[in-house]
Amino acid sequence: MTFIDYFFLFSGMGLVTYVPRALPLLYLAHKQLPRWLVDWLDLIPVAILSALLAPSLFSDSATRSLQLGKPEFLVAIPTLIFALKTRSLGGTVLIGMLLYWLAGMFI
Amino acid sequence: MRIKEGAAAAWPICLGYFPIGLALGVLAQKAGLPWWAVAMMSTLVFAGSAQFICVAMLVAGAAIPAIILTTFFVNLRHTLMSSALAVYLSGVSRKFLALYSYGITDESFAVNITRFRDGNWDHWRALVVNHLANAVWILATVTGTLVGQFVPQGAFGIDYALTGMFICLLVFQLQGRIYIVTGLLAAAISVAWYQLIPGDSYIVGASMSAATCGYFLKRRQRVRK
């Protein structure tokens, strides 16, 4: 592909990525939001984080089937406990990495 | 001060982006993309999973419109994140928001929404998080095309950095029973959805369903009281 081909492809991808990111913010940030919407949006972060994480912990990514006992999941348990006890983001990231590294060597 | 605090919040993202960016760079280089094309992609698109899919589709010989359409669907989930951020960015100038929107990714959203909720965070610090993450992403993906094949895989468990970050940010969100219930619902629905329906709709589908269930549960409790 030439420079122009790449430019068209990536501009197109960039546009369809940018518009869904920008429109809700540009529209909603200057409006008085109804109470129900604020209450609903308040639950969106926890739901999104959970939906991003859970399939990677409980499913095989190649076959998309249920898989319990993945190292990602086993490591997630002590990592979660560490996060609950310390509430330290940096510490949790490092503990998770360390345990995952060790798990890779022993499992 | 803002830059320092923004950087302190962004470092787990940067750490996590590095191995993923390197991996993307290696794949792109194998697919025949020159380094400058990868730099252009990471600058114009800045969306990890869509970029992986783009490289795979290029290898498979897909047409440009098909790749763009797929990107659109993969990144639709950010509409939801953008809406949730609006609660904390109300009244901020549209010019700022237009710039800020460029950097809304799963990771920057997770970090910034948690900080906003805790208070003590403002839109400038949030913008620093977005752009630091973007700079590292561009650097990592380009580095991947140049020297990626010489970097050992999976060293120091670095592949787990983003998972660890998401686990901790999830914990920060659990500020009451309704959030725990919503989180558990989203986990169950997303796993089932992921297995039954191909594609990436499970993220938006599960989080909207779980938040809706959670909302009605909360409302019923309030009525009873």
# chains A, B, ... in the order shown; residues from 1 in each chain; ligands from 1
>>> residues_around(residues="Ala110 of chain B", least_positions_apart="2", cutoff="8 Å", atoms="only C-alpha atoms", output="JSON, numbers by chain")
{"A": [45, 49], "B": [106, 107, 108, 112, 113, 114, 166, 169]}
>>> closest_atom_pairs(of="chain A", to="chain B", cutoff="7 Å", atoms="only C-alpha atoms", output="tab-separated table")
residue	atom	partner	partner_atom	distance
A:Tyr6	CA	B:Ala37	CA	6.6
A:Leu9	CA	B:Ile64	CA	6.0
A:Phe10	CA	B:Met41	CA	5.5
A:Ser11	CA	B:Leu44	CA	6.3
A:Gly12	CA	B:Ile68	CA	6.0
A:Met13	CA	B:Ile68	CA	5.0
A:Gly14	CA	B:Val45	CA	4.2
A:Val16	CA	B:Phe72	CA	5.1
A:Thr17	CA	B:Asn75	CA	5.8
A:Tyr18	CA	B:Tyr102	CA	5.9
A:Pro20	CA	B:Thr79	CA	5.0
A:Arg21	CA	B:Thr79	CA	5.4
A:Ala22	CA	B:Ser101	CA	4.9
A:Pro24	CA	B:Ser83	CA	5.2
A:Leu25	CA	B:Ala86	CA	5.1
A:Leu26	CA	B:Arg94	CA	6.2
A:Leu28	CA	B:Ala86	CA	5.8
A:Ala29	CA	B:Ser90	CA	4.0
A:His30	CA	B:Gly91	CA	5.5
A:Asp39	CA	B:Tyr215	CA	6.9
A:Trp40	CA	B:Tyr215	CA	5.7
A:Leu41	CA	B:Ala84	CA	5.3
A:Leu43	CA	B:Ala211	CA	5.3
A:Ile44	CA	B:Ala211	CA	5.7
A:Val46	CA	B:Gly183	CA	5.6
A:Ala47	CA	B:Ser207	CA	4.6
A:Ile48	CA	B:Ser207	CA	5.1
A:Leu49	CA	B:Leu170	CA	6.0
A:Ser50	CA	B:Ala187	CA	5.3
A:Ala51	CA	B:Ser190	CA	5.2
A:Leu52	CA	B:Ile203	CA	6.2
A:Ala54	CA	B:Ala187	CA	5.1
A:Pro55	CA	B:Val191	CA	4.8
A:Arg64	CA	B:Gln195	CA	5.1
A:Ser65	CA	B:Gln195	CA	5.7
A:Thr79	CA	B:Gly164	CA	7.0
A:Leu80	CA	B:Ile167	CA	6.2
A:Ala83	CA	B:Cys168	CA	5.4
A:Leu84	CA	B:Val171	CA	6.4
A:Leu89	CA	B:Cys168	CA	5.9
A:Gly90	CA	B:Pro12	CA	6.8
A:Thr92	CA	B:Gly164	CA	6.2
A:Val93	CA	B:Gly164	CA	4.7
A:Gly96	CA	B:Gly164	CA	5.3
A:Met97	CA	B:Gly157	CA	4.4
A:Leu98	CA	B:Gly157	CA	6.0
A:Tyr100	CA	B:Gly157	CA	5.3
A:Trp101	CA	B:Gly157	CA	4.1
>>> select_by_dssp(residues="chain A", states="alpha helix (DSSP H)", output="ChimeraX atom specification")
/A:3-28,35-58,71-86,89-106
>>> closest_residue(among="B:Met1, B:Ser49, B:Gly61, B:Ala56", to="Met1 of chain A", atoms="only C-alpha atoms")
B:Gly61
>>> atom_distance(atom1="atom CA of Thr143 of chain B", atom2="atom CA of Ile53 of chain B")
19.2 Å
>>> atom_distance(atom1="atom CA of Leu94 of chain A", atom2="atom CA of Ile81 of chain A")
13.7 Å
>>> closest_residue(among="A:Arg87, A:Leu74, A:Phe3, A:Phe58", to="Ala103 of chain A", atoms="only C-alpha atoms")
A:Leu74
>>> atom_distance(atom1="atom CA of Ala10 of chain B", atom2="atom CA of Trp124 of chain B")
13.1 Å
>>> closest_residue(among="B:Val26, B:Leu217, B:Val129, B:Ala62", to="Thr141 of chain B", atoms="only C-alpha atoms")
B:Val26
